[in-house]
Every structure is written in C-alpha cells, then in structure tokens.
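Containing mmCIF, C-alpha atoms: data36.cif.
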data_model
loop_
_atom_site.group_PDB
_atom_site.id
_atom_site.type_symbol
_atom_site.label_atom_id
_atom_site.label_comp_id
_atom_site.auth_asym_id
_atom_site.auth_seq_id
_atom_site.Cartn_x
_atom_site.Cartn_y
_atom_site.Cartn_z
ATOM 1 C CA MET A 1 -13.215 -19.384 9.026
ATOM 2 C CA LEU A 2 -10.395 -16.901 9.589
ATOM 3 C CA ARG A 3 -10.856 -13.616 11.367
ATOM 4 C CA GLN A 4 -8.678 -10.691 10.495
ATOM 5 C CA THR A 5 -8.564 -6.992 11.225
ATOM 6 C CA THR A 6 -7.009 -4.087 9.408
ATOM 7 C CA ASP A 7 -3.790 -3.233 11.151
ATOM 8 C CA GLN A 8 -3.103 0.416 10.815
ATOM 9 C CA PRO A 9 -4.694 3.640 9.741
ATOM 10 C CA PRO A 10 -2.979 5.475 6.910
ATOM 11 C CA GLY A 11 -0.635 8.304 7.703
ATOM 12 C CA GLY A 12 2.871 6.894 7.728
ATOM 13 C CA GLN A 13 2.913 5.501 11.253
ATOM 14 C CA ASP A 14 5.295 2.684 12.072
ATOM 15 C CA ALA A 15 3.969 -0.748 11.176
ATOM 16 C CA PRO A 16 2.574 -2.686 14.131
ATOM 17 C CA ASP A 17 4.515 -5.652 15.434
ATOM 18 C CA PRO A 18 2.804 -8.830 14.152
ATOM 19 C CA ARG A 19 3.761 -10.562 17.409
ATOM 20 C CA GLU A 20 1.894 -7.976 19.476
ATOM 21 C CA PRO A 21 -0.803 -9.600 21.639
ATOM 22 C CA ILE A 22 -4.295 -9.342 20.174
ATOM 23 C CA ALA A 23 -5.574 -7.493 23.262
ATOM 24 C CA LEU A 24 -3.059 -4.688 22.642
ATOM 25 C CA LEU A 25 -3.973 -4.570 18.964
ATOM 26 C CA PHE A 26 -7.648 -4.210 19.857
ATOM 27 C CA ARG A 27 -6.771 -1.481 22.342
ATOM 28 C CA ASP A 28 -4.621 0.416 19.855
ATOM 29 C CA LEU A 29 -7.297 0.247 17.143
ATOM 30 C CA ARG A 30 -10.119 0.887 19.643
ATOM 31 C CA THR A 31 -12.040 -2.188 18.545
ATOM 32 C CA SER A 32 -12.850 -5.708 19.795
ATOM 33 C CA ALA A 33 -13.597 -9.200 18.514
ATOM 34 C CA HIS A 34 -17.218 -8.011 18.145
ATOM 35 C CA GLY A 35 -16.055 -5.497 15.550
ATOM 36 C CA LEU A 36 -16.789 -1.823 15.269
ATOM 37 C CA ALA A 37 -20.132 -0.189 15.785
ATOM 38 C CA ASP A 38 -21.723 0.993 12.540
ATOM 39 C CA ARG A 39 -21.540 4.563 13.764
ATOM 40 C CA GLU A 40 -17.802 4.281 14.506
ATOM 41 C CA ALA A 41 -17.159 2.600 11.128
ATOM 42 C CA ASN A 42 -18.943 5.494 9.395
ATOM 43 C CA ARG A 43 -16.876 8.015 11.367
ATOM 44 C CA ARG A 44 -13.630 6.262 10.434
ATOM 45 C CA GLN A 45 -14.746 6.102 6.798
ATOM 46 C CA ALA A 46 -15.102 9.888 6.872
ATOM 47 C CA VAL A 47 -11.650 10.282 8.474
ATOM 48 C CA TYR A 48 -9.637 7.754 6.431
ATOM 49 C CA GLY A 49 -11.610 7.707 3.186
ATOM 50 C CA PRO A 50 -12.435 4.702 1.047
ATOM 51 C CA ASN A 51 -10.383 1.507 1.094
ATOM 52 C CA THR A 52 -9.039 1.883 -2.431
ATOM 53 C CA PRO A 53 -5.514 2.022 -3.815
ATOM 54 C CA THR A 54 -4.435 5.563 -4.527
ATOM 55 C CA GLN A 55 -4.248 6.241 -8.226
ATOM 56 C CA ARG A 56 -2.520 9.077 -9.923
ATOM 57 C CA GLY A 57 -4.620 11.016 -12.308
ATOM 58 C CA GLY A 58 -3.930 12.676 -15.575
ATOM 59 C CA ARG A 59 -0.822 13.066 -17.644
ATOM 60 C CA ARG A 60 2.045 13.489 -15.214
ATOM 61 C CA TRP A 61 4.881 11.839 -17.067
ATOM 62 C CA PRO A 62 6.686 15.025 -18.163
ATOM 63 C CA ARG A 63 6.943 16.168 -14.554
ATOM 64 C CA GLU A 64 7.886 12.690 -13.326
ATOM 65 C CA LEU A 65 10.620 12.447 -15.952
ATOM 66 C CA ALA A 66 11.920 15.887 -14.999
ATOM 67 C CA GLN A 67 12.036 14.827 -11.348
ATOM 68 C CA GLN A 68 14.561 12.134 -12.245
ATOM 69 C CA PHE A 69 17.087 14.895 -12.865
ATOM 70 C CA THR A 70 16.678 16.463 -9.407
ATOM 71 C CA HIS A 71 17.763 13.450 -7.376
ATOM 72 C CA PRO A 72 20.937 14.051 -5.345
ATOM 73 C CA LEU A 73 22.981 11.575 -7.389
ATOM 74 C CA ALA A 74 21.886 13.175 -10.668
ATOM 75 C CA LEU A 75 22.755 16.630 -9.332
ATOM 76 C CA LEU A 76 26.145 15.404 -8.136
ATOM 77 C CA LEU A 77 26.838 13.865 -11.545
ATOM 78 C CA ALA A 78 25.763 17.102 -13.248
ATOM 79 C CA LEU A 79 28.262 18.997 -11.101
ATOM 80 C CA ALA A 80 30.930 16.465 -12.082
ATOM 81 C CA ALA A 81 30.054 16.968 -15.759
ATOM 82 C CA VAL A 82 30.386 20.729 -15.409
ATOM 83 C CA LEU A 83 33.728 20.356 -13.626
ATOM 84 C CA ALA A 84 34.949 17.925 -16.303
ATOM 85 C CA ALA A 85 33.950 20.338 -19.073
ATOM 86 C CA VAL A 86 35.618 23.288 -17.313
ATOM 87 C CA SER A 87 38.804 21.338 -16.650
ATOM 88 C CA GLY A 88 39.238 20.480 -20.326
ATOM 89 C CA ALA A 89 37.840 16.944 -20.440
ATOM 90 C CA PRO A 90 34.832 17.267 -22.755
ATOM 91 C CA ALA A 91 34.718 13.532 -23.498
ATOM 92 C CA LEU A 92 34.356 12.799 -19.791
ATOM 93 C CA ALA A 93 31.663 15.482 -19.466
ATOM 94 C CA VAL A 94 29.701 13.943 -22.336
ATOM 95 C CA ALA A 95 30.042 10.474 -20.781
ATOM 96 C CA ILE A 96 28.745 11.746 -17.433
ATOM 97 C CA VAL A 97 25.779 13.457 -19.105
ATOM 98 C CA ALA A 98 25.047 10.182 -20.929
ATOM 99 C CA VAL A 99 25.036 8.360 -17.579
ATOM 100 C CA ILE A 100 22.631 10.945 -16.139
ATOM 101 C CA LEU A 101 20.267 10.539 -19.106
ATOM 102 C CA LEU A 102 20.435 6.741 -19.037
ATOM 103 C CA ASN A 103 19.814 6.655 -15.282
ATOM 104 C CA ALA A 104 16.817 8.997 -15.595
ATOM 105 C CA ALA A 105 15.322 6.939 -18.431
ATOM 106 C CA LEU A 106 15.709 3.646 -16.575
ATOM 107 C CA ALA A 107 14.321 5.011 -13.296
ATOM 108 C CA PHE A 108 11.371 6.580 -15.116
ATOM 109 C CA ALA A 109 10.617 3.300 -16.915
ATOM 110 C CA GLN A 110 10.717 1.379 -13.624
ATOM 111 C CA GLU A 111 8.285 3.821 -12.011
ATOM 112 C CA GLN A 112 5.910 3.492 -14.954
ATOM 113 C CA GLN A 113 6.013 -0.315 -14.703
ATOM 114 C CA ALA A 114 5.367 -0.151 -10.957
ATOM 115 C CA GLU A 115 2.315 2.063 -11.504
ATOM 116 C CA LYS A 116 0.949 -0.355 -14.094
ATOM 117 C CA ALA A 117 1.495 -3.260 -11.687
ATOM 118 C CA VAL A 118 -0.468 -1.474 -8.951
ATOM 119 C CA GLU A 119 -3.301 -0.801 -11.390
ATOM 120 C CA ALA A 120 -3.323 -4.468 -12.431
ATOM 121 C CA LEU A 121 -3.394 -5.615 -8.807
ATOM 122 C CA ALA A 122 -6.317 -3.309 -8.076
ATOM 123 C CA ALA A 123 -8.356 -5.260 -10.624
ATOM 124 C CA PHE A 124 -7.980 -8.386 -8.467
ATOM 125 C CA LEU A 125 -9.397 -6.812 -5.305
ATOM 126 C CA PRO A 126 -12.802 -8.178 -4.315
ATOM 127 C CA GLU A 127 -15.808 -5.878 -4.426
ATOM 128 C CA ARG A 128 -17.343 -7.125 -1.174
ATOM 129 C CA ALA A 129 -15.983 -8.187 2.208
ATOM 130 C CA THR A 130 -17.484 -9.949 5.201
ATOM 131 C CA VAL A 131 -17.013 -8.094 8.483
ATOM 132 C CA ILE A 132 -18.249 -8.229 12.020
ATOM 133 C CA ARG A 133 -19.912 -4.971 12.999
ATOM 134 C CA ASP A 134 -21.973 -4.500 16.136
ATOM 135 C CA GLY A 135 -21.281 -8.183 16.851
ATOM 136 C CA VAL A 136 -23.088 -9.276 13.676
ATOM 137 C CA ARG A 137 -21.497 -10.835 10.610
ATOM 138 C CA ARG A 138 -22.433 -8.924 7.447
ATOM 139 C CA GLU A 139 -21.288 -8.274 3.938
ATOM 140 C CA VAL A 140 -20.196 -4.733 3.046
ATOM 141 C CA PRO A 141 -18.555 -3.075 0.049
ATOM 142 C CA ALA A 142 -14.785 -3.602 0.265
ATOM 143 C CA THR A 143 -14.304 0.140 -0.176
ATOM 144 C CA SER A 144 -16.062 0.742 3.165
ATOM 145 C CA LEU A 145 -13.487 -1.191 5.222
ATOM 146 C CA VAL A 146 -11.768 0.920 7.856
ATOM 147 C CA PRO A 147 -8.926 0.423 10.349
ATOM 148 C CA GLY A 148 -10.262 -1.700 13.207
ATOM 149 C CA ASP A 149 -12.755 -3.699 11.155
ATOM 150 C CA VAL A 150 -12.791 -7.414 11.904
ATOM 151 C CA LEU A 151 -12.825 -9.324 8.621
ATOM 152 C CA VAL A 152 -14.130 -12.835 8.209
ATOM 153 C CA VAL A 153 -12.125 -14.619 5.547
ATOM 154 C CA GLU A 154 -12.841 -18.122 4.365
ATOM 155 C CA GLU A 155 -10.744 -20.458 2.283
ATOM 156 C CA GLY A 156 -10.325 -19.323 -1.306
ATOM 157 C CA GLU A 157 -11.428 -15.732 -0.710
ATOM 158 C CA ARG A 158 -9.356 -12.744 -1.700
ATOM 159 C CA ILE A 159 -8.519 -10.213 0.997
ATOM 160 C CA SER A 160 -9.344 -6.626 0.171
ATOM 161 C CA THR A 161 -7.089 -4.829 2.643
ATOM 162 C CA ASP A 162 -4.011 -5.166 4.838
ATOM 163 C CA ALA A 163 -4.962 -7.379 7.733
ATOM 164 C CA ARG A 164 -3.681 -9.159 10.812
ATOM 165 C CA LEU A 165 -4.603 -12.793 11.368
ATOM 166 C CA LEU A 166 -6.509 -13.148 14.647
ATOM 167 C CA SER A 167 -7.315 -16.853 14.554
ATOM 168 C CA GLY A 168 -6.921 -19.781 12.214
ATOM 169 C CA GLY A 169 -3.945 -20.241 9.993
ATOM 170 C CA VAL A 170 -2.609 -19.888 6.521
ATOM 171 C CA PRO A 171 -1.619 -23.188 4.920
ATOM 172 C CA ARG A 172 1.885 -23.414 3.609
ATOM 173 C CA ALA A 173 2.288 -23.773 -0.090
ATOM 174 C CA THR A 174 3.707 -27.106 -1.065
ATOM 175 C CA ARG A 175 6.090 -27.587 -3.902
ATOM 176 C CA SER A 176 5.240 -30.091 -6.543
ATOM 177 C CA ARG A 177 8.200 -31.985 -7.888
#

Represent the structure from my file as structure tokens, please.
Amino acid sequence: MLRQTTDQPPGGQDAPDPREPIALLFRDLRTSAHGLADREANRRQAVYGPNTPTQRGGRRWPRELAQQFTHPLALLLALAAVLAAVSGAPALAVAIVAVILLNAALAFAQEQQAEKAVEALAAFLPERATVIRDGVRREVPATSLVPGDVLVVEEGERISTDARLLSGGVPRATRSR
C-alpha cells in the first residue's frame, strides 16, 4: 500500500519542494497522516471545487486563432512587414506576412492537439479513490478529492490527482531487450 496526499491547492502558487519533510507538508496543507476531517474536506471542496480537469466549453476557435496574431512576435513581424512595404520592398512584406500566417496556423494547430490530448487523458482518470478521512480508510468519488487528502494507492491503480508519495516506493521500469 502506498499513501499519497495532494500537494497543492490551485491558484498558481509555487510548486512544493518534493524533498520537503513530510511534517512540513502536513503543516502547510493543515492535515495529518490520519487525513482530513469530513467537515474540513467538505469545506475545501466548496473552496477549490471538484477535482476535474478544466475543460473549455463551446466554439472558441475563431477567438483562439485571432489571438495568435496578437503575440509580441507576430506584432513585431507585422510592424516589419509594414516597414518593408513602405520602404519599397513589397516582396519582403509579403514574405513576412506569410511567416506570420504560417506561425499562427502552426501554433493554433498545436493548441488544438494539446486540448484533445487533455480530453483523452481525462478519460483515463479513475472514478473512485481511496482516502483516509477522520482516520478511517474509505472510498470516495475521485471528483471529491481536495488538497490535503491522504490517498491510499495500491499496485496497479490509477491516481486521480497530483500527489506526493508519503511512504512506499514506485518501482523503476525495466527495459526489455
């Protein structure tokens, strides 16, 4: 059996140091090896929301494509194209505009692929997780995990959140030749 805990609440804080002593981690997350109290887990659920990957809704691609043209490099290249056109080098201006369009198309395509990859990964997340709450091991919906929960993970199980290993180990993958 492996015990793990979620490392950090959302909000853009710096990532915790994985070498930080467990006692400090428990202090920072206001939890213990006995897990959170049900009441505290419910409070954190209300504060942080469900443990689900954020998904964009609706048809946003026109705006996302337009945003590719407002990046500093694209704006700088647009200025260069204008200067090239004004200075009597229309071929250079056309080439620069082509670079801007190609860059925007490639960046947009990469973002679309990344979004599809996140959606595909979300399908692999488990629906339930085993946690220790109020000192008792229990199964809960994976969406109800909150920062400070102590997860119990056994061999072969998928982990439904970012976590820090408290005890046990992760076997190294061996290469077959």

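Remark: for Arg44 of chain A, the closest of the candidate residues A:Ala129, A:Leu145, A:Leu75, A:Leu165 is A:Leu145 (distances computed over all atoms listed in the file).
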
Env of Val97 of chain A: 9 Å cut, atoms = only C-alpha atoms, seq-sep filter 4 positions within chain, self excluded. Answer as number ranges by chain. A: 77-78, 81, 92-93, 101-102

Could you dump the residues just selected with C-alpha atoms as a CSV table (one decimal), in the coordinates of the input?
chain,number,residue,atom,x,y,z
A,77,LEU,CA,26.8,13.9,-11.5
A,78,ALA,CA,25.8,17.1,-13.2
A,81,ALA,CA,30.1,17.0,-15.8
A,92,LEU,CA,34.4,12.8,-19.8
A,93,ALA,CA,31.7,15.5,-19.5
A,101,LEU,CA,20.3,10.5,-19.1
A,102,LEU,CA,20.4,6.7,-19.0

Let me know the residues the PyMOL selection byres ((chain A and resi 144) around 8) catches in the file above, as a VMD selection string. chain A and resid 45 50 to 51 140 to 143 145 to 146

Let me know the residues the PyMOL selection byres ((chain A and resi 121-124) around 9) catches in the file above, as a list in words.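 Selection result, ordered by chain and number: Thr52, Pro53, Lys116, Ala117, Val118, Glu119, Ala120, Leu125, Pro126, Arg158 and Ser160 of chain A.
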
List the neighbours of Phe108 of chain A out to 10 Å using only C-alpha atoms; skip same-chain residues closer than 4 positions along the sequence, and give me the result as number ranges by chain. A: 61, 64-68, 102-104, 112-114

Run the PyMOL selection byres ((chain A and resi 20-36) around 6) mentally over the shown coordinates, then write out the matched residues as an NGL selection string, using the chain letters and numbers from the document. :A and (17-19 or 37 or 132-135 or 148-150)

Using Å and a single decimal, report how far atom CA of Arg63 of chain A sits from atom CA of Val94 of chain A. 24.2 Å

Atom-to-atom span, atom CA of Ser167 of chain A and atom CA of Val153 of chain A, Å: 10.5 Å

Point-to-point distance from atom CA of Arg137 of chain A to atom CA of Val152 of chain A, Å rounded to tenths: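 Spanning atom CA of Arg137 of chain A to atom CA of Val152 of chain A is a straight-line distance of 8.0 Å.
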
Minimum-distance residue to Arg128 of chain A, chosen among A:Ala89, A:Ala74, A:Glu157, A:Leu166 (using all atoms listed in the file):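 With all atoms listed in the file as the atom set, the closest residue is A:Glu157.
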
Produce the centre coordinates and the three edge lengths, each in Å to one decimal, of the box along x, y and z that contains all listed atoms of segment 58-74 of chain A with 4 Å added on each side, as AutoDock Vina command-line options.
--center_x 9.5 --center_y 14.0 --center_z -11.8 --size_x 34.9 --size_y 12.9 --size_z 20.8

Can you tell me, as a PyMOL selection string, what residues are no more than 12 Å from Leu79 of chain A when counting all atoms listed in the file, ignoring any on the same chain fewer than 6 positions away? chain A and resi 70+72-73+85-86+93+96-97+100

Take segment 119-147 of chain A, bring it up to N, CA and C atoms, and give me the output as a CSV table (one decimal), in the frame of the given file.
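Saved as result14.csv:
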chain,number,residue,atom,x,y,z
A,119,GLU,N,-2.0,-0.9,-10.7
A,119,GLU,CA,-3.3,-0.8,-11.4
A,119,GLU,C,-3.8,-2.2,-11.7
A,120,ALA,N,-2.9,-3.1,-12.1
A,120,ALA,CA,-3.3,-4.5,-12.4
A,120,ALA,C,-3.7,-5.2,-11.2
A,121,LEU,N,-3.0,-5.0,-10.1
A,121,LEU,CA,-3.4,-5.6,-8.8
A,121,LEU,C,-4.7,-5.1,-8.3
A,122,ALA,N,-5.0,-3.9,-8.5
A,122,ALA,CA,-6.3,-3.3,-8.1
A,122,ALA,C,-7.5,-4.0,-8.7
A,123,ALA,N,-7.3,-4.5,-9.9
A,123,ALA,CA,-8.4,-5.3,-10.6
A,123,ALA,C,-8.7,-6.6,-9.9
A,124,PHE,N,-7.8,-7.1,-9.1
A,124,PHE,CA,-8.0,-8.4,-8.5
A,124,PHE,C,-8.6,-8.2,-7.1
A,125,LEU,N,-8.8,-7.0,-6.6
A,125,LEU,CA,-9.4,-6.8,-5.3
A,125,LEU,C,-10.9,-7.2,-5.4
A,126,PRO,N,-11.4,-7.8,-4.3
A,126,PRO,CA,-12.8,-8.2,-4.3
A,126,PRO,C,-13.7,-6.9,-4.1
A,127,GLU,N,-14.9,-7.0,-4.6
A,127,GLU,CA,-15.8,-5.9,-4.4
A,127,GLU,C,-16.5,-5.9,-3.1
A,128,ARG,N,-16.6,-7.0,-2.4
A,128,ARG,CA,-17.3,-7.1,-1.2
A,128,ARG,C,-16.5,-7.8,-0.1
A,129,ALA,N,-16.7,-7.6,1.1
A,129,ALA,CA,-16.0,-8.2,2.2
A,129,ALA,C,-17.0,-8.5,3.3
A,130,THR,N,-16.7,-9.6,4.1
A,130,THR,CA,-17.5,-9.9,5.2
A,130,THR,C,-16.8,-9.4,6.5
A,131,VAL,N,-17.5,-8.7,7.3
A,131,VAL,CA,-17.0,-8.1,8.5
A,131,VAL,C,-17.9,-8.4,9.6
A,132,ILE,N,-17.4,-8.2,10.8
A,132,ILE,CA,-18.2,-8.2,12.0
A,132,ILE,C,-18.4,-6.8,12.5
A,133,ARG,N,-19.6,-6.3,12.5
A,133,ARG,CA,-19.9,-5.0,13.0
A,133,ARG,C,-21.1,-5.1,14.0
A,134,ASP,N,-21.0,-4.4,15.1
A,134,ASP,CA,-22.0,-4.5,16.1
A,134,ASP,C,-22.2,-6.0,16.5
A,135,GLY,N,-21.2,-6.8,16.5
A,135,GLY,CA,-21.3,-8.2,16.9
A,135,GLY,C,-22.0,-9.1,15.9
A,136,VAL,N,-22.3,-8.5,14.7
A,136,VAL,CA,-23.1,-9.3,13.7
A,136,VAL,C,-22.2,-9.4,12.4
A,137,ARG,N,-22.2,-10.6,11.9
A,137,ARG,CA,-21.5,-10.8,10.6
A,137,ARG,C,-22.3,-10.3,9.5
A,138,ARG,N,-21.7,-9.5,8.6
A,138,ARG,CA,-22.4,-8.9,7.4
A,138,ARG,C,-21.5,-8.7,6.3
A,139,GLU,N,-22.1,-8.6,5.1
A,139,GLU,CA,-21.3,-8.3,3.9
A,139,GLU,C,-21.4,-6.8,3.6
A,140,VAL,N,-20.2,-6.2,3.3
A,140,VAL,CA,-20.2,-4.7,3.0
A,140,VAL,C,-19.3,-4.5,1.8
A,141,PRO,N,-19.5,-3.4,1.2
A,141,PRO,CA,-18.6,-3.1,0.0
A,141,PRO,C,-17.1,-3.0,0.6
A,142,ALA,N,-16.2,-3.6,-0.2
A,142,ALA,CA,-14.8,-3.6,0.3
A,142,ALA,C,-14.2,-2.2,0.4
A,143,THR,N,-14.8,-1.2,-0.3
A,143,THR,CA,-14.3,0.1,-0.2
A,143,THR,C,-14.7,0.8,1.2
A,144,SER,N,-15.6,0.2,1.9
A,144,SER,CA,-16.1,0.7,3.2
A,144,SER,C,-15.3,0.2,4.4
A,145,LEU,N,-14.3,-0.7,4.1
A,145,LEU,CA,-13.5,-1.2,5.2
A,145,LEU,C,-12.7,-0.1,5.8
A,146,VAL,N,-12.5,-0.1,7.1
A,146,VAL,CA,-11.8,0.9,7.9
A,146,VAL,C,-10.8,0.3,8.8
A,147,PRO,N,-9.8,1.0,9.3
A,147,PRO,CA,-8.9,0.4,10.3
A,147,PRO,C,-9.7,0.0,11.6
